[in-house]
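A.B. asks: data.cif is the file, holding mmCIF, C-alpha atoms and all ligand atoms:
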data_target
loop_
_atom_site.label_atom_id
_atom_site.label_comp_id
_atom_site.auth_asym_id
_atom_site.auth_seq_id
_atom_site.Cartn_x
_atom_site.Cartn_y
_atom_site.Cartn_z
CA MET A 1 -32.92 75.60 271.26
CA ALA A 2 -31.09 74.06 274.23
CA GLU A 3 -30.75 76.26 277.30
CA LYS A 4 -27.41 77.98 277.74
CA PRO A 5 -25.17 76.27 280.30
CA VAL A 6 -25.01 77.73 283.81
CA VAL A 7 -21.50 78.85 284.81
CA LEU A 8 -20.59 79.63 288.42
CA VAL A 9 -17.93 82.34 288.26
CA THR A 10 -16.22 82.57 291.65
CA ARG A 11 -14.53 85.99 291.32
CA LYS A 12 -15.23 89.27 289.57
CA LEU A 13 -13.72 89.05 286.08
CA PRO A 14 -12.78 91.83 283.60
CA PRO A 15 -15.86 93.53 282.05
CA ASN A 16 -15.17 92.20 278.53
CA VAL A 17 -14.98 88.67 279.86
CA GLU A 18 -18.16 89.01 281.90
CA ALA A 19 -19.91 90.49 278.84
CA ARG A 20 -18.99 87.42 276.79
CA LEU A 21 -20.17 85.20 279.63
CA GLU A 22 -23.51 87.05 279.73
CA ARG A 23 -23.86 86.66 275.96
CA ASP A 24 -23.09 82.95 275.70
CA TYR A 25 -23.97 81.44 279.09
CA ARG A 26 -26.17 81.86 282.13
CA PRO A 27 -23.40 83.04 284.48
CA GLN A 28 -23.68 83.41 288.23
CA LEU A 29 -21.32 86.33 288.71
CA ASN A 30 -19.69 87.60 291.89
CA ALA A 31 -20.21 91.35 291.52
CA GLU A 32 -18.78 92.09 294.97
CA ASP A 33 -15.79 89.83 294.41
CA ARG A 34 -16.28 88.13 297.79
CA LEU A 35 -14.16 85.10 298.60
CA TYR A 36 -16.48 82.10 298.87
CA ASP A 37 -15.78 79.53 301.55
CA THR A 38 -16.23 75.87 300.65
CA ASP A 39 -19.82 75.59 301.89
CA GLU A 40 -20.91 78.68 299.98
CA LEU A 41 -19.12 77.52 296.85
CA LEU A 42 -20.85 74.15 297.02
CA ARG A 43 -24.21 75.79 297.66
CA LEU A 44 -23.77 78.17 294.71
CA ALA A 45 -22.61 75.31 292.47
CA ASP A 46 -26.00 73.66 292.85
CA GLY A 47 -27.48 73.49 289.34
CA ALA A 48 -24.31 74.80 287.65
CA ASP A 49 -22.94 73.01 284.58
CA ALA A 50 -19.49 74.58 284.94
CA ILE A 51 -17.35 76.36 287.49
CA LEU A 52 -14.93 79.10 286.48
CA PRO A 53 -12.71 79.50 289.57
CA CYS A 54 -9.41 81.24 290.28
CA HIS A 55 -6.42 79.99 292.25
CA THR A 56 -8.08 81.52 295.33
CA GLU A 57 -10.60 78.66 295.47
CA SER A 58 -9.29 75.39 296.78
CA LEU A 59 -10.91 72.54 294.85
CA ARG A 60 -9.21 69.77 296.77
CA ALA A 61 -10.50 66.19 296.66
CA GLU A 62 -13.10 66.51 299.43
CA VAL A 63 -14.61 69.57 297.71
CA ILE A 64 -14.69 67.93 294.29
CA GLU A 65 -16.32 64.83 295.78
CA ARG A 66 -19.11 67.03 297.17
CA LEU A 67 -19.74 68.96 293.93
CA PRO A 68 -23.26 68.63 292.55
CA GLU A 69 -23.67 66.04 289.77
CA SER A 70 -24.58 68.87 287.37
CA VAL A 71 -20.98 70.22 287.32
CA ARG A 72 -19.14 68.72 284.35
CA ILE A 73 -16.23 71.10 283.84
CA ILE A 74 -13.95 73.31 285.93
CA ALA A 75 -12.31 75.96 283.70
CA THR A 76 -9.85 77.73 285.96
CA PHE A 77 -8.84 81.34 285.33
CA SER A 78 -5.16 80.57 285.95
CA VAL A 79 -2.26 78.74 284.43
CA GLY A 80 -1.44 77.16 287.81
CA TYR A 81 -3.70 74.31 288.85
CA ASP A 82 -2.27 73.35 292.22
CA HIS A 83 -5.60 74.40 293.77
CA ILE A 84 -7.47 71.62 291.92
CA ASP A 85 -7.18 67.91 292.63
CA LEU A 86 -6.98 66.55 289.09
CA ALA A 87 -7.21 62.91 290.17
CA ALA A 88 -10.42 63.58 292.11
CA ALA A 89 -11.83 65.46 289.11
CA LYS A 90 -10.96 62.60 286.78
CA ALA A 91 -12.56 60.12 289.16
CA ARG A 92 -15.80 62.16 289.07
CA ASN A 93 -15.53 62.57 285.29
CA VAL A 94 -15.22 66.34 285.67
CA THR A 95 -13.11 67.98 282.95
CA VAL A 96 -10.49 70.53 284.10
CA THR A 97 -8.85 73.22 281.95
CA ASN A 98 -6.40 76.08 282.65
CA THR A 99 -5.13 79.18 280.77
CA PRO A 100 -1.52 78.60 279.62
CA ASP A 101 0.50 80.72 277.12
CA VAL A 102 -1.31 84.02 277.64
CA LEU A 103 0.41 84.88 280.95
CA ALA A 104 3.97 84.44 279.80
CA ASP A 105 4.78 88.04 278.85
CA ALA A 106 3.19 89.59 281.93
CA THR A 107 4.83 87.11 284.31
CA ALA A 108 8.24 87.49 282.67
CA GLU A 109 7.86 91.27 283.10
CA ILE A 110 7.23 90.78 286.82
CA THR A 111 10.26 88.49 286.98
CA MET A 112 12.47 91.24 285.55
CA LEU A 113 10.89 93.74 287.96
CA LEU A 114 11.63 91.43 290.92
CA LEU A 115 15.15 90.84 289.69
CA LEU A 116 15.91 94.52 289.25
CA GLY A 117 14.03 95.55 292.38
CA ALA A 118 15.89 93.07 294.57
CA ALA A 119 19.30 93.79 293.06
CA ARG A 120 18.97 97.58 293.07
CA ARG A 121 17.24 97.88 296.48
CA ALA A 122 14.12 99.44 294.98
CA SER A 123 11.82 98.91 298.00
CA GLU A 124 14.32 100.38 300.43
CA GLY A 125 14.95 103.34 298.15
CA GLU A 126 11.27 104.02 297.59
CA ARG A 127 10.51 103.80 301.31
CA LEU A 128 13.30 106.26 302.02
CA VAL A 129 12.02 108.82 299.52
CA ARG A 130 8.41 108.50 300.67
CA SER A 131 9.32 108.73 304.35
CA GLY A 132 11.09 112.04 303.90
CA GLY A 133 14.22 110.41 305.33
CA TRP A 134 16.36 110.90 302.19
CA ASP A 135 19.03 113.37 303.23
CA THR A 136 22.17 112.53 301.32
CA TRP A 137 23.90 111.35 298.19
CA SER A 138 27.35 109.87 298.41
CA PRO A 139 29.48 107.50 296.34
CA SER A 140 28.68 104.74 298.84
CA PHE A 141 24.97 105.52 299.29
CA MET A 142 22.57 102.54 298.89
CA LEU A 143 24.78 100.49 296.61
CA GLY A 144 23.18 97.48 295.04
CA VAL A 145 24.20 94.67 292.72
CA GLN A 146 24.51 95.25 288.97
CA VAL A 147 22.34 92.99 286.81
CA THR A 148 23.97 93.52 283.41
CA GLY A 149 26.20 90.68 282.32
CA LYS A 150 25.45 88.44 285.34
CA ARG A 151 24.49 84.77 285.29
CA LEU A 152 20.81 83.84 285.59
CA GLY A 153 19.58 80.31 286.32
CA ILE A 154 15.97 79.53 285.43
CA VAL A 155 14.22 76.60 287.09
CA GLY A 156 11.36 75.51 284.85
CA MET A 157 11.75 76.49 281.20
CA GLY A 158 8.09 76.50 280.24
CA ARG A 159 6.54 79.49 278.49
CA VAL A 160 7.29 81.97 281.30
CA GLY A 161 10.85 80.68 281.66
CA GLN A 162 11.43 81.02 277.93
CA VAL A 163 10.22 84.62 277.78
CA THR A 164 12.29 85.43 280.87
CA ALA A 165 15.37 84.00 279.12
CA ARG A 166 14.73 86.34 276.18
CA ARG A 167 14.20 89.39 278.39
CA ALA A 168 17.35 88.58 280.40
CA ARG A 169 19.39 88.57 277.22
CA GLY A 170 18.40 92.21 276.86
CA PHE A 171 20.50 92.74 279.99
CA ASP A 172 23.37 90.75 278.48
CA MET A 173 22.83 88.03 281.07
CA GLU A 174 24.32 84.56 280.65
CA VAL A 175 21.30 82.31 280.97
CA HIS A 176 21.23 78.74 282.32
CA TYR A 177 18.20 76.54 282.85
CA HIS A 178 17.12 73.40 284.60
CA ASN A 179 14.09 71.60 283.23
CA ARG A 180 12.77 68.05 283.00
CA SER A 181 14.00 67.93 279.42
CA GLU A 182 16.29 69.92 277.19
CA LEU A 183 14.56 72.33 274.81
CA PRO A 184 15.25 72.69 271.08
CA PRO A 185 17.50 75.70 270.32
CA GLU A 186 14.62 77.89 269.09
CA LYS A 187 13.00 77.61 272.52
CA ALA A 188 16.17 77.75 274.63
CA HIS A 189 17.12 81.21 273.33
CA GLY A 190 20.82 80.55 273.86
CA ALA A 191 20.41 79.32 277.45
CA THR A 192 22.55 76.42 278.64
CA TYR A 193 20.73 73.29 279.78
CA HIS A 194 21.50 71.55 283.10
CA GLN A 195 19.91 68.21 283.75
CA SER A 196 20.86 68.52 287.41
CA LEU A 197 19.64 71.45 289.49
CA GLU A 198 22.56 70.92 291.88
CA ALA A 199 25.03 71.31 289.02
CA MET A 200 23.44 74.58 287.87
CA LEU A 201 23.10 76.30 291.26
CA PRO A 202 26.79 77.23 291.76
CA LEU A 203 26.61 79.13 288.42
CA CYS A 204 23.67 81.35 289.37
CA ASP A 205 24.19 84.94 290.49
CA PHE A 206 20.41 85.12 290.10
CA LEU A 207 18.01 82.20 290.37
CA ALA A 208 14.47 82.57 288.99
CA LEU A 209 11.84 79.95 289.82
CA HIS A 210 9.26 79.27 287.13
CA CYS A 211 8.36 75.64 287.68
CA PRO A 212 4.77 74.56 288.36
CA SER A 213 3.75 73.73 291.90
CA THR A 214 3.44 69.95 292.08
CA PRO A 215 4.15 67.40 294.83
CA GLU A 216 7.62 66.99 293.22
CA THR A 217 8.49 70.71 293.35
CA ALA A 218 7.17 71.40 296.88
CA GLY A 219 10.06 72.82 298.92
CA LEU A 220 12.40 72.42 295.92
CA LEU A 221 14.56 75.39 296.90
CA ASN A 222 15.57 74.18 300.36
CA GLY A 223 18.53 74.93 302.63
CA GLU A 224 20.83 72.47 300.83
CA CYS A 225 20.07 74.03 297.44
CA ILE A 226 20.53 77.56 298.74
CA ALA A 227 23.92 76.52 300.14
CA LEU A 228 25.00 75.58 296.61
CA LEU A 229 24.32 79.08 295.25
CA PRO A 230 27.25 81.50 295.14
CA ASN A 231 27.51 83.71 298.22
CA GLY A 232 25.48 86.87 297.65
CA ALA A 233 23.12 85.31 295.10
CA ILE A 234 19.62 86.69 294.53
CA VAL A 235 16.52 84.48 294.43
CA ILE A 236 13.38 85.36 292.44
CA ASN A 237 10.07 83.55 292.86
CA ALA A 238 7.21 84.21 290.47
CA ALA A 239 5.95 80.60 290.53
CA ARG A 240 4.23 79.53 293.76
CA GLY A 241 5.23 80.07 297.39
CA ASN A 242 5.50 76.40 298.24
CA VAL A 243 8.29 75.83 295.70
CA VAL A 244 10.56 77.50 298.26
CA ASN A 245 11.30 76.44 301.82
CA GLU A 246 10.53 79.87 303.25
CA ALA A 247 12.26 79.26 306.59
CA ALA A 248 15.47 78.34 304.77
CA LEU A 249 15.14 81.36 302.48
CA LEU A 250 14.64 83.77 305.40
CA ALA A 251 17.60 82.24 307.27
CA ALA A 252 19.84 82.70 304.20
CA LEU A 253 18.69 86.32 303.82
CA ALA A 254 19.41 86.95 307.51
CA SER A 255 22.85 85.34 307.41
CA GLY A 256 23.93 87.20 304.26
CA LYS A 257 24.31 83.96 302.30
CA LEU A 258 21.77 85.51 299.93
CA TYR A 259 22.11 89.17 299.04
CA ALA A 260 18.38 89.61 298.46
CA ALA A 261 15.22 88.01 297.13
CA GLY A 262 12.38 89.23 294.93
CA LEU A 263 9.11 87.49 295.67
CA ASP A 264 5.67 87.70 294.07
CA VAL A 265 4.28 84.54 295.67
CA PHE A 266 4.21 83.12 299.19
CA ASN A 267 2.86 80.30 301.25
CA ASN A 268 -0.54 81.01 302.72
CA GLU A 269 -1.20 84.18 300.72
CA PRO A 270 -2.21 86.81 301.72
CA ASP A 271 -1.45 85.92 305.39
CA ILE A 272 2.26 85.56 304.82
CA ASP A 273 5.03 85.03 307.36
CA PRO A 274 5.45 88.49 309.00
CA GLU A 275 9.23 88.06 308.85
CA PHE A 276 9.08 88.91 305.13
CA ALA A 277 7.90 92.45 305.89
CA ARG A 278 10.66 92.94 308.50
CA ARG A 279 13.61 92.26 306.24
CA ASP A 280 15.09 95.05 304.13
CA ASN A 281 16.76 92.79 301.57
CA LEU A 282 13.46 91.73 300.06
CA PHE A 283 11.50 93.17 297.15
CA LEU A 284 7.92 92.00 297.67
CA LEU A 285 4.84 92.05 295.43
CA PRO A 286 1.31 90.75 296.12
CA HIS A 287 1.01 88.02 293.45
CA LEU A 288 0.92 90.42 290.51
CA GLY A 289 2.53 88.12 287.92
CA SER A 290 -0.39 88.11 285.48
CA ALA A 291 -1.96 91.37 286.66
CA THR A 292 -2.17 93.44 283.48
CA ARG A 293 -5.43 94.41 281.81
CA GLU A 294 -4.36 92.73 278.59
CA THR A 295 -3.41 89.48 280.26
CA ARG A 296 -6.46 89.23 282.50
CA ASP A 297 -8.70 89.70 279.43
CA ALA A 298 -6.70 87.04 277.59
CA MET A 299 -6.97 84.63 280.54
CA GLY A 300 -10.72 85.11 280.65
CA TYR A 301 -11.11 84.57 276.90
CA ARG A 302 -8.95 81.46 277.10
CA ALA A 303 -11.09 80.03 279.92
CA LEU A 304 -14.19 80.80 277.84
CA ASP A 305 -12.68 79.21 274.72
CA ASN A 306 -12.27 76.05 276.79
CA LEU A 307 -15.88 76.20 277.97
CA ASP A 308 -17.12 76.88 274.43
CA ALA A 309 -15.25 73.85 273.08
CA PHE A 310 -16.48 71.61 275.89
CA PHE A 311 -20.13 72.57 275.49
CA ALA A 312 -19.83 72.26 271.68
CA GLY A 313 -18.80 68.65 272.24
CA SER A 314 -15.14 69.06 271.20
CA GLU A 315 -11.89 68.72 273.11
CA PRO A 316 -10.93 71.90 275.05
CA ARG A 317 -7.40 72.88 274.00
CA ASP A 318 -6.15 73.27 277.58
CA ARG A 319 -7.59 70.12 279.05
CA LEU A 320 -5.75 68.89 282.15
CA ALA A 321 -8.21 66.20 283.28
C1 LIG B 1 -1.82 81.77 287.61
O1 LIG B 1 -2.47 81.92 286.58
O2 LIG B 1 -1.50 80.67 288.02
C2 LIG B 1 -1.48 83.01 288.38
O3 LIG B 1 -0.65 82.72 289.43
C3 LIG B 1 -2.73 83.69 288.87
O4 LIG B 1 -3.55 82.79 289.48
#
Could you quickly redo this structure as structure tokens?
C.D. replies:
Amino acid sequence: MAEKPVVLVTRKLPPNVEARLERDYRPQLNAEDRLYDTDELLRLADGADAILPCHTESLRAEVIERLPESVRIIATFSVGYDHIDLAAAKARNVTVTNTPDVLADATAEITMLLLLGAARRASEGERLVRSGGWDTWSPSFMLGVQVTGKRLGIVGMGRVGQVTARRARGFDMEVHYHNRSELPPEKAHGATYHQSLEAMLPLCDFLALHCPSTPETAGLLNGECIALLPNGAIVINAARGNVVNEAALLAALASGKLYAAGLDVFNNEPDIDPEFARRDNLFLLPHLGSATRETRDAMGYRALDNLDAFFAGSEPRDRLA
């Protein structure tokens, strides 16, 4: 019987996923969940047939070029793949897969949390209660913005965007979306399509970003786009930090152009711009979009399904390169 393939697993994964890895592969696990730097990653990859990384490992072209010949597939434990240079992988004949679909519910939940938290001043309120500084109630105390019945614009109507549209309808929101192409009615869930982002922005009391991070979407929400939003709009980002021009966002939050923002993702995580922590009109989370037990199990199983298919000689369902 052929030897089981060796899989370098860069981060500690849920126990059920690691158990399946132990059963079907020869995994090199990371019990302490240390972050590997590039040299360590390359050293550990020596002799591995596959790498199972997360978005915390940057597999840019110069890393992929230095991977040992033995590595034939990178099965990332993430839907996002901006940390992997697909062209470099293709050039080396390394297959790349991701874990779509299974994150949509969890990430849409975080989107609604960000939306509500930013609109209803949840961070400020919680800080006040915890600090012991809560000393009043009055009709004008800590007023926020009502969500029910407002207009929501979604940028990127993939799986997460579609579930968000459905959840938002539970709040009677009027949903608009901008996407490369218009979706069939069963996927649009009553949302109105806008081919032009600029045409949609003036209609958005809330704007939720769900597009993938690609060279085309880098800095997509810039100062000019923010200026097109209604005064007092609220921006939600559960995609990737670099989809937003953070300097422009912070300036609009400081000037009052934006009422608030709810952010789960940032540039240079976790060493984010300290200005984010200084502003009150921000509801901030540490990249928790997919962080539920159910979803992290499902992401692991999906990555393993891709590895299983690859090593069985068939096409992995989530092949990117
Ligand atoms: C994803 O899957 O892309 C999430 O952001 C976690 O990495």
A.B. asks: Using all atoms listed in the file, find each residue in chain A having at least one atom no more than 9 Å away from ligand LIG 1 (chain B); report its shortest atom-to-atom pair and that distance in Å (one decimal), rows by chain then rising number, as a Markdown table.
C.D. replies:
| residue | atom | partner | partner_atom | distance |
| --- | --- | --- | --- | --- |
| A:Cys54 | CA | B:LIG1 | O4 | 6.1 |
| A:His55 | CA | B:LIG1 | O4 | 4.9 |
| A:Thr56 | CA | B:LIG1 | O4 | 7.5 |
| A:Thr76 | CA | B:LIG1 | O1 | 8.5 |
| A:Phe77 | CA | B:LIG1 | O1 | 6.5 |
| A:Ser78 | CA | B:LIG1 | O1 | 3.1 |
| A:Val79 | CA | B:LIG1 | O1 | 3.8 |
| A:Gly80 | CA | B:LIG1 | O2 | 3.5 |
| A:Tyr81 | CA | B:LIG1 | O2 | 6.8 |
| A:Asp82 | CA | B:LIG1 | O2 | 8.5 |
| A:Asn98 | CA | B:LIG1 | O1 | 8.1 |
| A:Thr99 | CA | B:LIG1 | O1 | 7.0 |
| A:Pro100 | CA | B:LIG1 | O1 | 7.8 |
| A:Leu103 | CA | B:LIG1 | O1 | 7.0 |
| A:Thr107 | CA | B:LIG1 | C2 | 8.6 |
| A:Pro212 | CA | B:LIG1 | O2 | 8.8 |
| A:Ala238 | CA | B:LIG1 | O3 | 8.1 |
| A:Ala239 | CA | B:LIG1 | O3 | 7.0 |
| A:Arg240 | CA | B:LIG1 | O3 | 7.3 |
| A:Val265 | CA | B:LIG1 | O3 | 8.2 |
| A:His287 | CA | B:LIG1 | O3 | 6.9 |
| A:Leu288 | CA | B:LIG1 | C3 | 7.8 |
| A:Gly289 | CA | B:LIG1 | O3 | 6.4 |
| A:Ser290 | CA | B:LIG1 | C2 | 6.0 |
| A:Ala291 | CA | B:LIG1 | C3 | 8.0 |
| A:Met299 | CA | B:LIG1 | O1 | 8.0 |
A.B. asks: Hey, which of A:Gly262, A:Gly144, A:Gly232, A:Pro270 ends up closest to Leu113 (chain A)? Count all atoms listed in the file.
C.D. replies: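 Between A:Gly262, A:Gly144, A:Gly232, A:Pro270, the residue approaching Leu113 (chain A) most closely is A:Gly262.
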A.B. asks: Interatomic distance between CA of Ile234 (chain A) and CA of Tyr259 (chain A)?
C.D. replies: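 CA of Tyr259 (chain A) lies 5.7 Å from CA of Ile234 (chain A).
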A.B. asks: Using only C-alpha atoms for the distances, tell me which of A:Leu183, A:Ala260, A:Leu29, A:Cys211 is nearest to Lys12 (chain A).
C.D. replies: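 For Lys12 (chain A), the nearest of the given residues is A:Leu29.
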A.B. asks: Quick check, in Å to one decimal: how far apart do CA of Ser70 (chain A) and CA of Leu304 (chain A) lie?
C.D. replies: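 Calculated distance between CA of Ser70 (chain A) and CA of Leu304 (chain A) is 18.5 Å.
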A.B. asks: In Å, how far is it from CA of Asp305 (chain A) to CA of Pro53 (chain A)?
C.D. replies: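 Interatomic distance, CA of Asp305 (chain A) to CA of Pro53 (chain A): 14.9 Å.
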